[in-house]
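Student: The structure file work.txt (compact mmCIF, C-alpha atoms) is provided below.
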```
# COMPACT_ATOMS: atom_id res chain seq x y z
CA MET A 30 70.96 132.54 109.30
CA LEU A 31 68.18 129.91 109.59
CA SER A 32 64.90 130.35 107.76
CA LYS A 33 61.76 131.32 109.64
CA SER A 34 60.43 127.80 108.94
CA CYS A 35 63.50 126.31 110.58
CA GLU A 36 63.25 128.62 113.59
CA TYR A 37 59.62 127.61 114.04
CA ALA A 38 60.49 123.93 113.58
CA LEU A 39 63.19 124.04 116.25
CA ARG A 40 60.93 125.86 118.70
CA ALA A 41 58.04 123.47 118.03
CA VAL A 42 60.13 120.31 118.36
CA VAL A 43 61.63 121.53 121.64
CA TYR A 44 58.17 122.44 122.95
CA ILE A 45 56.66 119.11 121.90
CA ALA A 46 59.62 117.23 123.38
CA ALA A 47 59.22 119.06 126.70
CA GLU A 48 55.45 118.60 126.82
CA THR A 49 55.44 114.90 125.96
CA GLN A 50 58.56 113.80 127.83
CA GLY A 51 57.75 110.75 129.96
CA LYS A 52 54.02 111.09 129.29
CA GLU A 53 51.56 109.35 127.01
CA LYS A 54 50.60 112.76 125.65
CA LYS A 55 50.27 114.20 122.18
CA VAL A 56 50.33 117.91 121.45
CA GLY A 57 47.99 119.45 118.89
CA ILE A 58 48.90 122.09 116.34
CA ARG A 59 46.62 124.67 117.94
CA GLU A 60 48.32 124.33 121.33
CA VAL A 61 51.79 124.66 119.85
CA ALA A 62 50.77 127.58 117.63
CA GLN A 63 49.13 129.49 120.48
CA THR A 64 51.85 128.82 123.03
CA LEU A 65 54.71 129.71 120.69
CA ASP A 66 52.87 132.44 118.74
CA ILE A 67 53.34 130.73 115.37
CA PRO A 68 50.71 130.94 112.60
CA ALA A 69 48.82 127.62 112.74
CA PRO A 70 48.61 126.92 108.98
CA PHE A 71 52.36 127.53 108.58
CA LEU A 72 53.10 125.40 111.64
CA ALA A 73 50.89 122.57 110.34
CA LYS A 74 53.00 122.25 107.19
CA ILE A 75 56.21 122.30 109.22
CA LEU A 76 55.03 119.64 111.68
CA GLN A 77 53.72 117.42 108.90
CA SER A 78 57.11 117.62 107.22
CA LEU A 79 58.87 116.76 110.49
CA ALA A 80 56.58 113.77 110.97
CA LYS A 81 57.24 112.65 107.39
CA ASN A 82 60.98 112.87 108.10
CA LYS A 83 60.55 110.84 111.33
CA ILE A 84 61.65 113.73 113.56
CA LEU A 85 58.24 113.63 115.26
CA GLY A 86 55.58 110.99 115.61
CA SER A 87 51.97 111.87 114.86
CA THR A 88 48.50 110.42 115.05
CA LYS A 89 45.33 111.70 113.44
CA GLY A 90 41.89 112.03 114.89
CA PRO A 91 40.20 113.63 117.90
CA ASN A 92 42.93 112.48 120.31
CA GLY A 93 45.71 112.93 117.77
CA GLY A 94 48.67 115.19 117.77
CA PHE A 95 52.44 115.21 117.68
CA PHE A 96 54.93 113.61 120.02
CA LEU A 97 58.59 112.74 120.31
CA ASN A 98 59.33 109.06 119.74
CA LYS A 99 61.73 107.27 122.04
CA SER A 100 64.06 106.82 119.08
CA THR A 101 63.89 110.50 118.18
CA LYS A 102 65.22 111.54 121.57
CA LYS A 103 68.59 110.94 119.91
CA THR A 104 67.58 113.34 117.14
CA THR A 105 69.96 116.27 116.97
CA LEU A 106 69.22 119.90 116.30
CA LEU A 107 71.09 119.43 113.02
CA ASP A 108 68.63 116.66 112.04
CA VAL A 109 65.77 119.15 112.44
CA ILE A 110 67.63 121.84 110.49
CA GLU A 111 68.44 119.39 107.72
CA ALA A 112 64.81 118.22 107.49
CA VAL A 113 63.53 121.78 107.11
CA ASP A 114 66.27 123.84 105.44
CA GLY A 115 68.80 121.30 104.30
CA LEU A 116 72.47 121.88 104.99
CA GLU A 117 73.05 124.54 102.35
CA TYR A 118 73.58 127.25 104.99
CA PHE A 119 76.78 125.50 106.03
CA ARG A 120 78.10 125.55 102.43
CA ARG A 121 76.93 128.68 100.67
CA CYS A 122 78.65 132.05 100.59
CA SER A 123 77.43 134.47 103.24
CA ILE A 124 77.47 137.40 100.84
CA GLY A 125 75.94 135.47 97.95
CA LEU A 126 78.93 134.91 95.68
CA LYS A 127 78.54 131.88 93.43
CA LYS A 128 82.22 130.95 93.34
CA CYS A 129 83.28 131.52 96.94
CA SER A 130 85.52 128.71 98.22
CA ASP A 131 88.57 128.00 100.36
CA ILE A 132 90.69 128.49 97.24
CA LYS A 133 88.92 131.66 96.10
CA PRO A 134 87.35 133.13 99.27
CA CYS A 135 85.11 136.16 99.62
CA PRO A 136 86.26 138.86 102.08
CA ILE A 137 84.45 137.28 105.08
CA HIS A 138 84.87 133.61 104.14
CA PRO A 139 87.66 132.75 106.64
CA LEU A 140 85.75 134.15 109.62
CA ILE A 141 82.36 132.76 108.65
CA LYS A 142 83.76 129.34 107.77
CA VAL A 143 85.14 128.85 111.29
CA GLN A 144 81.94 130.03 112.94
CA ARG A 145 79.75 127.86 110.70
CA GLU A 146 81.82 124.78 111.42
CA GLU A 147 81.58 125.40 115.17
CA LEU A 148 77.84 125.96 114.92
CA LYS A 149 77.37 122.84 112.80
CA GLN A 150 79.35 120.81 115.35
CA TYR A 151 77.17 122.13 118.19
CA PHE A 152 73.96 121.40 116.27
CA SER A 153 75.19 117.91 115.37
CA LYS A 154 75.97 117.00 119.00
CA LYS A 155 72.98 118.52 120.80
CA THR A 156 70.24 115.89 121.04
CA MET A 157 66.59 116.38 121.93
CA GLU A 158 67.27 114.34 125.07
CA GLN A 159 69.90 116.92 126.09
CA VAL A 160 67.55 119.79 125.26
CA ILE A 161 64.85 118.25 127.47
CA GLU A 162 67.38 117.89 130.29
CA ASP A 163 68.44 121.54 129.87
CA LEU A 164 64.78 122.57 130.18
CA LYS A 165 64.22 120.42 133.26
CA GLU A 166 67.33 121.83 134.94
CA HIS A 167 66.34 125.40 134.00
CA ARG A 168 69.49 125.89 131.92
CA ALA A 169 67.23 126.79 129.00
CA PHE A 170 63.62 127.78 128.36
CA ILE A 171 61.07 127.76 125.59
```
As structure tokens, please, write out the structure in this file.
Tutor:
Amino acid sequence: MLSKSCEYALRAVVYIAAETQGKEKKVGIREVAQTLDIPAPFLAKILQSLAKNKILGSTKGPNGGFFLNKSTKKTTLLDVIEAVDGLEYFRRCSIGLKKCSDIKPCPIHPLIKVQREELKQYFSKKTMEQVIEDLKEHRAFI
């Protein structure tokens, strides 16, 4: 469904959000990579892209790292997905047909369309602030 880059991005953003919530702390690439078992060079590219897209804040130098801005607490999971993978997953045919549509559907189009729309709605409503709260209340883990 989501690319490996997107999976890593979501895990990293959630981890960084949890680690920096309410603290003047920045998290380095090495820490995130080791904790989440993600290859550091691959993660570095992902985090740099997220910072460029204003999903994360970052500072360089010996005390540098990544953090969640106050404004990005309102960032949704869909914002992260869009920054990494784009929204093509929610439009393209699940079995790879070029001309699959509501008018000319593939055999699984009706089922997948409903599930994708529900998933997109969930991703578009779930904010980083809510994710942090879920972690604090032990309704989720990373």
Student: Name all residues at most 12 Å from Lys103 (chain A) (count only C-alpha atoms; drop same-chain ones fewer than 2 positions away) and give them as number ranges by chain.
Tutor: A: 46, 83-85, 97-101, 105-109, 153-161
Student: Any idea what's packed within 8 Å of Cys135 (chain A), counting all atoms listed in the file, ignoring anything in its chain fewer than 5 positions away? Could you give it as a ChimeraX atom specification?
Tutor: /A:122,124,126,129-130
Student: Calculated over only C-alpha atoms, which of the candidates A:Gly115, A:Gly90, A:Pro134, A:Pro139 has the smallest distance to Ser32 (chain A)?
Tutor: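 Among the listed residues, the smallest separation from Ser32 (chain A) belongs to A:Gly115.
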Student: Taking only C-alpha atoms into account, which of A:Lys81, A:Lys142, A:Lys133, A:Lys102 comes nearest Arg121 (chain A)?
Tutor: A:Lys142
Student: Rounded to one decimal in Å, what is the spacing between CA of Ala41 (chain A) and CA of Val61 (chain A)?
Tutor: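 Computed distance, CA of Ala41 (chain A) to CA of Val61 (chain A), equals 6.6 Å.
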Student: Would you mind reading off the distance between CA of Gln50 (chain A) and CA of Phe170 (chain A), one decimal, in Å?
Tutor: 14.9 Å
Student: Nearest to Glu162 (chain A) among A:Met30, A:Ile67, A:Val43, A:Cys35, with distances taken over only C-alpha atoms: which residue is it?
Tutor: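 Nearest candidate to Glu162 (chain A) out of A:Met30, A:Ile67, A:Val43, A:Cys35: A:Val43.
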Student: Between CA of Asn82 (chain A) and CA of Glu117 (chain A), what is the spacing in Å?
Tutor: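 About the pair CA of Glu117 (chain A) and CA of Asn82 (chain A): they are 17.7 Å apart.
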Student: Between A:Ala62, A:Asp163, A:Ser123, A:Phe95, single out the one closest to Gln144 (chain A), counting all atoms listed in the file.
Tutor: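 Closest to Gln144 (chain A) of all the choices is A:Ser123.
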Student: From the set A:Asn92, A:Glu147, A:Ala169, A:Leu164, which residue has the shortest atom-to-atom contact distance to Ala47 (chain A), counting only C-alpha atoms?
Tutor: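 Distance minimum relative to Ala47 (chain A) lands on A:Leu164.
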Student: Under the rule that only C-alpha atoms are counted, which of A:Leu65, A:Ile58, A:Leu76, A:Ile45 is the nearest residue to Phe96 (chain A)?
Tutor: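 That would be A:Ile45, the residue with the smallest distance to Phe96 (chain A).
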Student: Could you list, as an MDAnalysis selection string, every residue within 8 Å of Val113 (chain A), counting all atoms listed in the file and ignoring same-chain residues fewer than 3 positions away?
Tutor: chainID A and resid 34:35 38 75 78:79 109:110
